[in-house]
>>> print(open('data07.csv').read())   # CSV, C-alpha atoms
chain,number,residue,atom,x,y,z
Q,1,ASP,CA,10.5,19.0,3.3
Q,2,ALA,CA,10.1,17.2,0.0
Q,3,GLY,CA,8.1,14.0,0.1
Q,4,VAL,CA,8.4,11.0,-2.1
Q,5,THR,CA,8.5,12.1,-5.7
Q,6,GLN,CA,7.7,10.0,-8.8
Q,7,SER,CA,8.1,10.6,-12.5
Q,8,PRO,CA,6.4,10.8,-14.8
Q,9,THR,CA,2.9,11.4,-13.4
Q,10,HIS,CA,1.1,10.0,-16.4
Q,11,LEU,CA,2.3,7.8,-19.2
Q,12,ILE,CA,0.6,6.2,-22.2
Q,13,LYS,CA,2.3,3.2,-23.9
Q,14,THR,CA,1.3,0.6,-26.4
Q,15,ARG,CA,1.4,-3.2,-26.0
Q,16,GLY,CA,4.9,-4.7,-26.3
Q,17,GLN,CA,6.7,-1.5,-25.4
Q,18,HIS,CA,9.0,-1.0,-22.4
Q,19,VAL,CA,8.5,1.5,-19.6
Q,20,THR,CA,10.8,2.9,-16.9
Q,21,LEU,CA,9.3,4.6,-13.8
Q,22,ARG,CA,11.3,6.6,-11.4
Q,23,CYS,CA,11.1,7.3,-7.7
Q,24,SER,CA,13.0,9.6,-5.3
Q,25,PRO,CA,12.6,8.8,-1.6
Q,26,ILE,CA,12.4,11.1,1.3
Q,27,SER,CA,15.8,12.4,2.2
Q,28,GLY,CA,17.4,10.0,4.6
Q,29,HIS,CA,15.2,7.1,3.7
Q,30,LYS,CA,17.1,4.0,2.5
Q,31,SER,CA,14.3,1.7,1.6
Q,32,VAL,CA,12.0,2.0,-1.4
Q,33,SER,CA,9.1,-0.2,-2.3
Q,34,TRP,CA,7.0,-0.5,-5.4
Q,35,TYR,CA,3.3,-1.3,-5.7
Q,36,GLN,CA,0.8,-1.7,-8.5
Q,37,GLN,CA,-2.7,-0.5,-7.9
Q,38,VAL,CA,-5.4,-1.5,-10.4
Q,39,LEU,CA,-8.6,0.5,-10.3
Q,40,GLY,CA,-10.9,-0.7,-7.5
Q,41,GLN,CA,-8.2,-2.9,-5.9
Q,42,GLY,CA,-5.7,-2.3,-3.1
Q,43,PRO,CA,-2.0,-1.8,-3.9
Q,44,GLN,CA,-0.1,-5.0,-4.7
Q,45,PHE,CA,3.5,-5.3,-3.6
Q,46,ILE,CA,6.0,-5.6,-6.4
Q,47,PHE,CA,9.5,-5.1,-4.9
Q,48,GLN,CA,11.3,-3.7,-1.9
Q,49,TYR,CA,14.9,-2.5,-2.0
Q,50,TYR,CA,17.1,-1.5,0.9
Q,51,GLU,CA,20.6,-0.3,0.6
Q,52,LYS,CA,20.5,-1.2,-3.1
Q,53,GLU,CA,19.6,-4.8,-2.4
Q,54,GLU,CA,16.3,-6.5,-3.1
Q,55,ARG,CA,14.7,-7.4,0.2
Q,56,GLY,CA,11.3,-8.5,-0.9
Q,57,ARG,CA,9.4,-9.5,-4.1
Q,58,GLY,CA,5.7,-10.0,-4.8
Q,59,ASN,CA,4.1,-12.3,-7.3
Q,60,PHE,CA,4.9,-10.5,-10.5
Q,61,PRO,CA,6.4,-11.9,-13.7
Q,62,ASP,CA,10.0,-11.5,-14.7
Q,63,ARG,CA,8.9,-8.7,-17.0
Q,64,PHE,CA,9.0,-6.5,-13.9
Q,65,SER,CA,12.4,-5.5,-12.6
Q,66,ALA,CA,13.8,-2.8,-10.4
Q,67,ARG,CA,16.9,-1.4,-9.0
Q,68,GLN,CA,18.1,1.1,-6.4
Q,69,PHE,CA,20.9,3.6,-6.9
Q,70,PRO,CA,23.6,4.8,-4.5
Q,71,ASN,CA,21.5,7.9,-3.8
Q,72,TYR,CA,18.6,5.5,-2.8
Q,73,SER,CA,16.4,6.6,-5.8
Q,74,SER,CA,14.9,3.7,-7.7
Q,75,GLU,CA,13.6,2.7,-11.1
Q,76,LEU,CA,10.9,0.2,-11.9
Q,77,ASN,CA,11.1,-1.4,-15.4
Q,78,VAL,CA,8.4,-3.3,-17.1
Q,79,ASN,CA,9.1,-5.0,-20.4
Q,80,ALA,CA,6.7,-6.3,-23.1
Q,81,LEU,CA,3.8,-4.3,-21.7
Q,82,LEU,CA,0.3,-5.9,-21.6
Q,83,LEU,CA,-3.0,-4.2,-21.4
Q,84,GLY,CA,-3.3,-5.6,-17.9
Q,85,ASP,CA,-0.3,-3.6,-16.8
Q,86,SER,CA,-2.4,-0.4,-16.9
Q,87,ALA,CA,-2.5,0.8,-13.3
Q,88,LEU,CA,-1.3,3.3,-10.8
Q,89,TYR,CA,2.3,2.5,-9.8
Q,90,LEU,CA,3.1,3.7,-6.3
Q,91,CYS,CA,6.5,4.1,-4.8
Q,92,ALA,CA,6.9,4.2,-1.0
Q,93,SER,CA,10.0,5.0,1.1
Q,94,SER,CA,10.9,4.3,4.6
Q,95,LEU,CA,14.0,4.6,6.8
Q,96,ARG,CA,14.6,0.9,6.9
Q,97,THR,CA,13.3,-2.3,5.5
Q,98,GLY,CA,10.0,-3.6,6.9
Q,99,ALA,CA,9.1,-0.3,8.5
Q,100,VAL,CA,5.6,-0.3,7.2
Q,101,HIS,CA,4.6,2.1,9.9
Q,102,GLU,CA,7.1,4.6,8.6
Q,103,GLN,CA,6.2,4.1,5.0
Q,104,TYR,CA,5.3,7.2,2.9
Q,105,PHE,CA,3.9,7.0,-0.5
Q,106,GLY,CA,4.5,9.1,-3.5
Q,107,PRO,CA,1.6,10.4,-5.7
Q,108,GLY,CA,2.1,7.6,-8.2
Q,109,THR,CA,2.6,7.2,-11.9
Q,110,ARG,CA,-0.6,6.4,-13.8
Q,111,LEU,CA,0.3,4.0,-16.7
Q,112,THR,CA,-2.1,3.4,-19.5
Q,113,VAL,CA,-1.3,0.6,-22.0
Q,114,THR,CA,-3.3,0.7,-25.2
Y,1,ARG,CA,-8.5,-18.0,0.5
Y,2,LYS,CA,-7.0,-14.6,-0.1
Y,3,GLU,CA,-4.2,-13.5,2.2
Y,4,VAL,CA,-6.0,-10.3,3.3
Y,5,GLU,CA,-9.8,-9.9,2.9
Y,6,GLN,CA,-12.0,-6.9,3.4
Y,7,ASP,CA,-15.6,-6.1,2.8
Y,8,PRO,CA,-15.4,-3.7,-0.2
Y,9,GLY,CA,-18.6,-1.8,0.9
Y,10,PRO,CA,-19.6,0.8,0.3
Y,11,PHE,CA,-20.6,1.6,3.8
Y,12,ASN,CA,-23.0,4.6,3.7
Y,13,VAL,CA,-23.1,6.0,7.2
Y,14,PRO,CA,-24.8,9.2,8.5
Y,15,GLU,CA,-22.6,11.9,9.9
Y,16,GLY,CA,-22.0,11.4,13.7
Y,17,ALA,CA,-22.6,7.6,13.6
Y,18,THR,CA,-20.1,4.9,14.6
Y,19,VAL,CA,-18.9,2.5,11.9
Y,20,ALA,CA,-16.6,-0.5,12.2
Y,21,PHE,CA,-14.7,-2.5,9.6
Y,22,ASN,CA,-13.1,-5.9,9.9
Y,23,CYS,CA,-10.2,-7.4,7.9
Y,24,THR,CA,-9.2,-11.0,8.0
Y,25,TYR,CA,-5.8,-12.5,7.2
Y,26,SER,CA,-4.9,-16.0,6.4
Y,27,ASN,CA,-1.3,-16.4,7.4
Y,28,SER,CA,-0.7,-16.9,11.1
Y,29,ALA,CA,2.9,-15.9,10.6
Y,30,SER,CA,1.9,-12.3,9.8
Y,31,GLN,CA,3.7,-10.0,12.2
Y,32,SER,CA,2.5,-6.5,12.0
Y,33,PHE,CA,-0.8,-4.9,11.0
Y,34,PHE,CA,-1.9,-1.4,9.8
Y,35,TRP,CA,-4.8,0.6,8.6
Y,36,TYR,CA,-4.2,3.0,5.7
Y,37,ARG,CA,-6.6,5.6,4.3
Y,38,GLN,CA,-6.8,6.4,0.6
Y,39,ASP,CA,-8.7,9.3,-0.8
Y,40,CYS,CA,-10.0,9.2,-4.4
Y,41,ARG,CA,-7.1,9.4,-6.9
Y,42,LYS,CA,-4.6,10.0,-4.1
Y,43,GLU,CA,-1.9,7.9,-2.6
Y,44,PRO,CA,-2.5,5.8,0.5
Y,45,LYS,CA,-1.5,7.3,3.9
Y,46,LEU,CA,-0.9,5.5,7.2
Y,47,LEU,CA,-3.8,5.9,9.5
Y,48,MET,CA,-2.6,3.8,12.4
Y,49,SER,CA,-0.7,0.7,13.4
Y,50,VAL,CA,-2.6,-2.1,15.1
Y,51,TYR,CA,-1.3,-3.7,18.3
Y,52,SER,CA,-2.4,-6.8,20.2
Y,53,SER,CA,-3.4,-4.6,23.1
Y,54,GLY,CA,-5.5,-2.4,20.9
Y,55,ASN,CA,-4.8,1.3,20.2
Y,56,GLU,CA,-6.8,4.4,20.0
Y,57,ASP,CA,-6.1,7.7,18.3
Y,58,GLY,CA,-8.9,10.2,18.8
Y,59,ARG,CA,-12.1,8.9,17.2
Y,60,PHE,CA,-10.3,5.9,15.8
Y,61,THR,CA,-9.7,2.6,17.6
Y,62,ALA,CA,-7.9,-0.4,16.1
Y,63,GLN,CA,-7.9,-3.9,17.5
Y,64,LEU,CA,-6.0,-7.1,16.6
Y,65,ASN,CA,-7.4,-10.6,17.3
Y,66,ARG,CA,-4.6,-13.1,16.6
Y,67,ALA,CA,-6.6,-16.1,17.6
Y,68,SER,CA,-9.3,-15.4,15.0
Y,69,GLN,CA,-6.9,-13.7,12.6
Y,70,TYR,CA,-8.6,-10.4,12.1
Y,71,ILE,CA,-8.1,-6.7,12.7
Y,72,SER,CA,-10.8,-4.1,13.2
Y,73,LEU,CA,-11.1,-0.4,12.8
Y,74,LEU,CA,-13.8,1.6,14.7
Y,75,ILE,CA,-14.6,5.2,13.8
Y,76,ARG,CA,-16.7,7.1,16.3
Y,77,ASP,CA,-18.6,10.3,15.7
Y,78,SER,CA,-17.9,10.1,12.0
Y,79,LYS,CA,-17.2,13.2,10.0
Y,80,LEU,CA,-17.8,14.0,6.3
Y,81,SER,CA,-14.0,14.1,5.9
Y,82,ASP,CA,-13.8,10.5,7.0
Y,83,SER,CA,-15.2,9.5,3.6
Y,84,ALA,CA,-12.4,7.5,1.9
Y,85,THR,CA,-11.2,3.9,1.2
Y,86,TYR,CA,-9.7,2.2,4.3
Y,87,LEU,CA,-7.0,-0.3,3.4
Y,88,CYS,CA,-6.0,-3.1,5.7
Y,89,VAL,CA,-2.2,-4.0,5.6
Y,90,VAL,CA,-0.4,-7.0,6.8
Y,91,ASN,CA,3.4,-7.4,7.0
Y,92,LYS,CA,4.6,-11.0,6.8
Y,93,LYS,CA,8.3,-11.4,7.4
Y,94,ASN,CA,10.0,-14.7,6.6
Y,95,ARG,CA,13.4,-14.3,5.0
Y,96,ASP,CA,12.2,-11.1,3.3
Y,97,ASP,CA,9.4,-8.7,3.9
Y,98,LYS,CA,6.1,-9.2,2.2
Y,99,ILE,CA,3.6,-6.4,2.6
Y,100,ILE,CA,0.0,-7.2,1.7
Y,101,PHE,CA,-2.8,-4.8,1.2
Y,102,GLY,CA,-6.4,-5.7,1.3
Y,103,LYS,CA,-8.7,-4.4,-1.5
Y,104,GLY,CA,-10.1,-1.7,0.8
Y,105,THR,CA,-13.4,-0.8,2.3
Y,106,ARG,CA,-15.1,2.3,0.9
Y,107,LEU,CA,-16.8,4.6,3.4
Y,108,HIS,CA,-19.2,7.3,2.5
Y,109,ILE,CA,-20.3,9.6,5.3
Y,110,LEU,CA,-23.7,11.1,4.5
Y,111,PRO,CA,-24.6,14.7,5.6
>>> encode(input="data07.csv", output="structure tokens")
Amino acid sequence: DAGVTQSPTHLIKTRGQHVTLRCSPISGHKSVSWYQQVLGQGPQFIFQYYEKEERGRGNFPDRFSARQFPNYSSELNVNALLLGDSALYLCASSLRTGAVHEQYFGPGTRLTVT
Amino acid sequence: RKEVEQDPGPFNVPEGATVAFNCTYSNSASQSFFWYRQDCRKEPKLLMSVYSSGNEDGRFTAQLNRASQYISLLIRDSKLSDSATYLCVVNKKNRDDKIIFGKGTRLHILP
């Protein structure tokens, strides 16, 4: 069975550019959450989507946006990249919203901003 | 005060020993609690949920103390493969879900 998949695995961008990260949840999972993990820190919650609607948002600037598609896959967009946006971006899927105990993470996209 | 706090460690523990971590949370409205494990350069994986009554899974025991607002993880008979970062997770639900990870506690099991 396929787990959560994310693309790309690695990405290098320069300051001011825009980036789109993609996530495909486990088949049957309707909720997708996005996290940012800076080296040496725990994951920080960015967004949660369920049935294409935003169900939770962390303390991130408006440069960060996301959406969920009818097939439950999701995109995370970051505009006007800053050096501080360099991090591992993790996507997690679950059957339903708030189901942290059923949450499975993808391998992440490692973003480097130069 | 941070919403979820953990001792970052590292905890250097000989194989076979017992080790315990605590995690404190600041918001009394927090509803559910979890421990995740993260190996170096890998994604986090759920280790166990934490219930008020406490729960045990093999060598691992988790406890929740709502009055003092902390959760704990006890690992007995530690193995080399237990070396990892252990992340405390709190789910706070008001109108929406807010899932908060601690910074993690690094554990090194020494042969």
>>> closest_atom_pairs(input="data07.csv", of="chain Q", to="chain Y", cutoff="6 Å", atoms="only C-alpha atoms", output="JSON lines")
{"residue": "Q:Gln41", "atom": "CA", "partner": "Y:Lys103", "partner_atom": "CA", "distance": 4.7}
{"residue": "Q:Gly42", "atom": "CA", "partner": "Y:Lys103", "partner_atom": "CA", "distance": 4.0}
{"residue": "Q:Pro43", "atom": "CA", "partner": "Y:Phe101", "partner_atom": "CA", "distance": 6.0}
{"residue": "Q:Arg55", "atom": "CA", "partner": "Y:Asp96", "partner_atom": "CA", "distance": 5.4}
{"residue": "Q:Gly56", "atom": "CA", "partner": "Y:Asp96", "partner_atom": "CA", "distance": 5.0}
{"residue": "Q:Gly98", "atom": "CA", "partner": "Y:Asp97", "partner_atom": "CA", "distance": 5.9}
{"residue": "Q:Pro107", "atom": "CA", "partner": "Y:Glu43", "partner_atom": "CA", "distance": 5.3}
>>> closest_residue(input="data07.csv", among="Q:Val100, Q:Leu88, Q:Ala66, Q:Leu95", to="Val38 in chain Q", atoms="all atoms listed in the file")
Q:Leu88
>>> atom_distance(input="data07.csv", atom1="CA of Asp62 in chain Q", atom2="CA of Asn79 in chain Q")
8.7 Å
>>> atom_distance(input="data07.csv", atom1="CA of Ile46 in chain Q", atom2="CA of Val113 in chain Q")
18.3 Å
>>> residues_around(input="data07.csv", residues="Leu21 in chain Q", least_positions_apart="6", cutoff="7 Å", atoms="all atoms listed in the file", output="PyMOL selection string")
chain Q and resi 7-8+75-77
>>> residues_around(input="data07.csv", residues="Tyr72 in chain Q", least_positions_apart="2", cutoff="8 Å", atoms="all atoms listed in the file", output="number ranges by chain")
Q: 24-25, 29-32, 51-52, 68-70, 74
>>> residues_around(input="data07.csv", residues="Ala92 in chain Q", least_positions_apart="3", cutoff="8 Å", atoms="only C-alpha atoms", output="PDB file with C-alpha atoms, keeping the file's coordinate frame")
ATOM      1  CA  VAL Q   4       8.400  11.000  -2.100  1.00  0.00           C
ATOM      2  CA  PRO Q  25      12.600   8.800  -1.600  1.00  0.00           C
ATOM      3  CA  VAL Q  32      12.000   2.000  -1.400  1.00  0.00           C
ATOM      4  CA  SER Q  33       9.100  -0.200  -2.300  1.00  0.00           C
ATOM      5  CA  TRP Q  34       7.000  -0.500  -5.400  1.00  0.00           C
ATOM      6  CA  GLN Q 103       6.200   4.100   5.000  1.00  0.00           C
ATOM      7  CA  TYR Q 104       5.300   7.200   2.900  1.00  0.00           C
ATOM      8  CA  PHE Q 105       3.900   7.000  -0.500  1.00  0.00           C
ATOM      9  CA  GLY Q 106       4.500   9.100  -3.500  1.00  0.00           C
TER      10      GLY Q 106
END
>>> closest_residue(input="data07.csv", among="Q:Asn71, Q:Arg22, Q:Leu81, Q:Tyr35", to="Gly58 in chain Q", atoms="all atoms listed in the file")
Q:Tyr35
>>> atom_distance(input="data07.csv", atom1="CA of Arg110 in chain Q", atom2="CA of Phe47 in chain Q")
17.7 Å
>>> closest_residue(input="data07.csv", among="Q:Gln36, Q:Leu82, Q:Lys13, Q:Thr97", to="Thr112 in chain Q", atoms="only C-alpha atoms")
Q:Lys13
>>> residues_near_point(input="data07.csv", point="(-8.9, 0.7, 15.8)", cutoff="12 Å", atoms="only C-alpha atoms", output="PyMOL selection string")
chain Y and resi 19-23+33-36+47-65+70-76+86+88
>>> build_atoms(input="data07.csv", residues="range 30-56 of chain Y", atoms="N, CA and C atoms", output="short mmCIF file (atom, residue, chain, number, x, y, z; two decimals), in the coordinates of the input")
data_model
loop_
_atom_site.label_atom_id
_atom_site.label_comp_id
_atom_site.auth_asym_id
_atom_site.auth_seq_id
_atom_site.Cartn_x
_atom_site.Cartn_y
_atom_site.Cartn_z
N SER Y 30 1.90 -13.78 10.03
CA SER Y 30 1.90 -12.30 9.80
C SER Y 30 2.28 -11.65 11.14
N GLN Y 31 3.09 -10.60 10.98
CA GLN Y 31 3.70 -10.00 12.20
C GLN Y 31 3.22 -8.67 12.58
N SER Y 32 2.91 -7.85 11.60
CA SER Y 32 2.50 -6.50 12.00
C SER Y 32 1.32 -6.08 11.06
N PHE Y 33 0.52 -5.16 11.58
CA PHE Y 33 -0.80 -4.90 11.00
C PHE Y 33 -1.02 -3.36 11.02
N PHE Y 34 -1.68 -2.88 9.97
CA PHE Y 34 -1.90 -1.40 9.80
C PHE Y 34 -3.16 -1.14 9.15
N TRP Y 35 -3.68 0.05 9.39
CA TRP Y 35 -4.80 0.60 8.60
C TRP Y 35 -4.23 1.83 7.85
N TYR Y 36 -4.50 1.86 6.54
CA TYR Y 36 -4.20 3.00 5.70
C TYR Y 36 -5.48 3.62 5.22
N ARG Y 37 -5.42 4.89 4.90
CA ARG Y 37 -6.60 5.60 4.30
C ARG Y 37 -6.14 6.06 2.93
N GLN Y 38 -7.06 5.92 1.96
CA GLN Y 38 -6.80 6.40 0.60
C GLN Y 38 -7.96 7.20 0.10
N ASP Y 39 -7.71 8.46 -0.18
CA ASP Y 39 -8.70 9.30 -0.80
C ASP Y 39 -8.72 9.09 -2.29
N CYS Y 40 -9.84 9.45 -2.93
CA CYS Y 40 -10.00 9.20 -4.40
C CYS Y 40 -8.86 9.81 -5.16
N ARG Y 41 -8.21 8.98 -5.96
CA ARG Y 41 -7.10 9.40 -6.90
C ARG Y 41 -5.94 9.99 -6.12
N LYS Y 42 -5.76 9.57 -4.87
CA LYS Y 42 -4.60 10.00 -4.10
C LYS Y 42 -3.83 8.77 -3.63
N GLU Y 43 -2.64 9.00 -3.07
CA GLU Y 43 -1.90 7.90 -2.60
C GLU Y 43 -2.34 7.47 -1.19
N PRO Y 44 -2.10 6.22 -0.80
CA PRO Y 44 -2.50 5.80 0.50
C PRO Y 44 -1.64 6.50 1.61
N LYS Y 45 -2.25 6.71 2.77
CA LYS Y 45 -1.50 7.30 3.90
C LYS Y 45 -1.81 6.50 5.15
N LEU Y 46 -0.77 6.30 5.94
CA LEU Y 46 -0.90 5.50 7.20
C LEU Y 46 -1.90 6.19 8.11
N LEU Y 47 -2.88 5.43 8.55
CA LEU Y 47 -3.80 5.90 9.50
C LEU Y 47 -3.38 5.53 10.95
N MET Y 48 -3.13 4.24 11.14
CA MET Y 48 -2.60 3.80 12.40
C MET Y 48 -2.11 2.37 12.36
N SER Y 49 -1.17 2.09 13.26
CA SER Y 49 -0.70 0.70 13.40
C SER Y 49 -1.70 0.00 14.34
N VAL Y 50 -1.66 -1.32 14.31
CA VAL Y 50 -2.60 -2.10 15.10
C VAL Y 50 -1.80 -3.04 16.01
N TYR Y 51 -2.04 -2.95 17.30
CA TYR Y 51 -1.30 -3.70 18.30
C TYR Y 51 -2.24 -4.72 18.96
N SER Y 52 -1.64 -5.78 19.51
CA SER Y 52 -2.40 -6.80 20.20
C SER Y 52 -3.24 -6.22 21.33
N SER Y 53 -2.68 -5.20 21.95
CA SER Y 53 -3.40 -4.60 23.10
C SER Y 53 -4.43 -3.60 22.66
N GLY Y 54 -4.51 -3.38 21.36
CA GLY Y 54 -5.50 -2.40 20.90
C GLY Y 54 -4.88 -1.00 20.99
N ASN Y 55 -5.26 -0.11 20.11
CA ASN Y 55 -4.80 1.30 20.20
C ASN Y 55 -5.84 2.23 19.73
N GLU Y 56 -5.78 3.42 20.30
CA GLU Y 56 -6.80 4.40 20.00
C GLU Y 56 -6.09 5.73 19.66
#
